[in-house]
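coords08.txt follows (compact mmCIF, C-alpha atoms):
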# COMPACT_ATOMS: atom_id res chain seq x y z
CA MET J 1456 -198.63 -28.79 -168.43
CA ASP J 1457 -194.88 -28.30 -168.72
CA ILE J 1458 -192.46 -29.36 -165.98
CA ASN J 1459 -191.90 -25.80 -164.71
CA GLN J 1460 -195.62 -25.13 -164.33
CA LEU J 1461 -196.07 -28.50 -162.64
CA PHE J 1462 -193.23 -27.74 -160.21
CA ILE J 1463 -194.68 -24.32 -159.34
CA LYS J 1464 -198.18 -25.75 -158.88
CA ASN J 1465 -196.86 -28.47 -156.56
CA LEU J 1466 -194.60 -26.07 -154.66
CA LYS J 1467 -197.55 -23.79 -153.90
CA LYS J 1468 -199.77 -26.77 -153.06
CA TRP J 1469 -197.29 -28.30 -150.60
CA ARG J 1470 -196.41 -24.97 -149.05
CA LYS J 1471 -200.10 -24.34 -148.36
CA ILE J 1472 -200.70 -27.90 -147.12
CA LYS J 1473 -197.84 -27.47 -144.66
CA GLY J 1474 -199.05 -23.97 -143.68
CA ILE J 1475 -195.74 -22.34 -144.61
CA SER J 1476 -195.53 -18.82 -146.03
CA GLN J 1477 -193.08 -17.87 -148.74
CA LYS J 1478 -191.08 -15.97 -146.15
CA THR J 1479 -190.89 -18.95 -143.79
CA LEU J 1480 -189.95 -21.28 -146.63
CA ALA J 1481 -187.19 -18.87 -147.66
CA GLU J 1482 -185.85 -18.81 -144.09
CA LYS J 1483 -185.88 -22.63 -143.89
CA CYS J 1484 -184.01 -22.78 -147.23
CA ASP J 1485 -181.54 -20.04 -146.21
CA ALA J 1486 -182.66 -17.91 -149.15
CA ALA J 1487 -184.19 -14.52 -149.76
CA HIS J 1488 -187.96 -14.21 -149.65
CA SER J 1489 -187.79 -12.59 -153.09
CA TYR J 1490 -186.13 -15.72 -154.51
CA ILE J 1491 -189.07 -17.94 -153.45
CA ARG J 1492 -191.50 -15.34 -154.81
CA GLN J 1493 -189.62 -15.30 -158.14
CA ILE J 1494 -189.67 -19.10 -158.33
CA GLU J 1495 -193.41 -19.21 -157.67
CA SER J 1496 -194.04 -16.52 -160.29
CA SER J 1497 -191.97 -18.41 -162.87
CA ASN J 1498 -189.27 -15.71 -163.05
CA ARG J 1499 -186.48 -17.94 -161.68
CA ASN J 1500 -185.65 -21.64 -161.98
CA PRO J 1501 -184.06 -23.23 -158.92
CA SER J 1502 -181.15 -25.65 -159.13
CA PHE J 1503 -181.70 -29.29 -158.28
CA ALA J 1504 -179.77 -28.71 -155.06
CA PHE J 1505 -182.17 -25.92 -154.10
CA ILE J 1506 -185.16 -28.10 -154.98
CA GLY J 1507 -183.73 -30.56 -152.46
CA LYS J 1508 -183.66 -27.79 -149.84
CA ILE J 1509 -187.26 -26.88 -150.63
CA ALA J 1510 -188.37 -30.52 -150.26
CA GLU J 1511 -186.49 -30.83 -146.98
CA ALA J 1512 -188.07 -27.64 -145.66
CA LEU J 1513 -191.52 -28.91 -146.65
CA GLN J 1514 -190.71 -32.38 -145.22
CA ILE J 1515 -191.54 -34.13 -148.50
CA GLU J 1516 -189.59 -36.11 -151.06
CA PRO J 1517 -188.23 -34.03 -153.96
CA TYR J 1518 -190.16 -36.06 -156.57
CA GLN J 1519 -193.41 -34.87 -154.99
CA LEU J 1520 -192.68 -31.42 -156.40
CA PHE J 1521 -192.82 -32.93 -159.91
CA PHE J 1522 -195.62 -35.44 -159.51
CA ASP J 1523 -198.62 -34.89 -161.79
CA GLU J 1524 -201.69 -36.12 -159.94
CA THR J 1525 -203.90 -35.51 -162.96
CA ARG J 1526 -202.12 -38.09 -165.14
CA LYS J 1527 -203.58 -41.55 -165.20
CA GLN J 1528 -200.62 -43.84 -164.70
CA THR J 1529 -200.15 -47.43 -163.76
CA VAL J 1530 -198.19 -48.14 -160.62
CA SER J 1531 -195.31 -49.36 -162.77
CA ALA J 1532 -195.23 -46.20 -164.90
CA ARG J 1533 -195.50 -44.01 -161.81
CA THR J 1534 -192.65 -45.90 -160.14
CA LYS J 1535 -190.43 -45.51 -163.22
CA TYR J 1536 -191.25 -41.81 -163.39
CA ILE J 1537 -190.42 -41.30 -159.71
CA GLU J 1538 -187.17 -43.25 -160.07
CA SER J 1539 -186.14 -41.16 -163.08
CA ILE J 1540 -186.76 -37.91 -161.18
CA GLN J 1541 -184.87 -39.22 -158.16
CA GLN J 1542 -181.93 -40.23 -160.36
CA LYS J 1543 -181.81 -36.80 -162.00
CA LEU J 1544 -181.89 -35.10 -158.60
CA LEU J 1545 -179.15 -37.36 -157.20
CA SER J 1546 -176.99 -36.84 -160.26
CA SER J 1547 -177.33 -33.08 -160.03
CA LEU J 1548 -176.66 -33.03 -156.29
CA SER J 1549 -173.58 -35.16 -156.83
CA SER J 1550 -172.37 -32.74 -159.48
CA ASP J 1551 -173.04 -29.74 -157.19
CA ILE J 1552 -171.10 -31.40 -154.35
CA HIS J 1553 -168.22 -32.26 -156.69
CA GLU J 1554 -168.03 -28.66 -157.91
CA ALA J 1555 -168.10 -27.30 -154.36
CA PHE J 1556 -165.37 -29.74 -153.34
CA ASN J 1557 -163.20 -28.66 -156.27
CA GLU J 1558 -163.68 -25.00 -155.30
CA LEU J 1559 -162.57 -25.80 -151.75
CA LYS J 1560 -159.49 -27.59 -153.07
CA LYS J 1561 -158.52 -24.48 -155.06
CA ASN J 1562 -158.57 -22.33 -151.93

Whole structure given in structure tokens:
Amino acid sequence: MDINQLFIKNLKKWRKIKGISQKTLAEKCDAAHSYIRQIESSNRNPSFAFIGKIAEALQIEPYQLFFDETRKQTVSARTKYIESIQQKLLSSLSSDIHEAFNELKKN
């Protein structure tokens, strides 16, 4: 399963576990309902910053949207995988914040 399919599968799973509709998730993420629908139908790919918003709205950690429960992993391998996902998310968020800050400085 590729990373996009895994993300979509986990997004749907966590949304259902939490009892949140696409519309409610969109409202919590300050996004259009159609955007969430497009993400779940694999027509759009969210930014790392938006993935952070989704995780916050679902009250989960962002890595849980990428975790493959079907893979047999040792605790060490799982920990390394989680840390790599967290690092990628933090790096992207930092970049997004830096870009936003630079835009504010221009104005």

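Nearest-residue note for J:Lys1508: choosing from J:Cys1484, J:Lys1560, J:Leu1548, J:Lys1543, the minimum distance belongs to J:Cys1484, counting all atoms listed in the file.
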
**OP:** For atom CA of J:Glu1524 and atom CA of J:Arg1470, quote the distance in Å rounded to one decimal.
**Re:** 16.5 Å

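Closest approach to J:Pro1517 among J:Leu1545, J:Ala1486, J:Ile1491, J:Ile1475 is made by J:Leu1545 (distances from all atoms listed in the file).
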
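In terms of minimum interatomic distance to J:Gln1493, J:Gln1477 ranks closest within J:Asn1465, J:Ser1550, J:Ser1531, J:Gln1477, counting only C-alpha atoms.
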
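The nearest approach to J:Ser1497 among the residues J:Ser1539, J:Ser1547, J:Asn1459, J:Thr1534, with only C-alpha atoms taken into account, belongs to J:Asn1459.
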
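When atom CA of J:Leu1480 is paired with atom CA of J:Ala1512, their separation reads 6.7 Å.
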
Original post:
What is the distance, in Å and to one decimal place, between atom CA of J:Glu1482 and atom CA of J:Ile1463?
Top reply: 18.5 Å

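Proximity of J:Ile1472, J:Ile1458, J:Ala1481, J:Leu1544 to J:Gln1514, computed with only C-alpha atoms, is greatest for J:Ile1472.
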
Subject >> Given all atoms listed in the file as the counted atoms, nearest of J:Thr1525, J:Phe1462, J:Ala1510, J:Lys1478 to J:Ile1494 >> reply: J:Phe1462
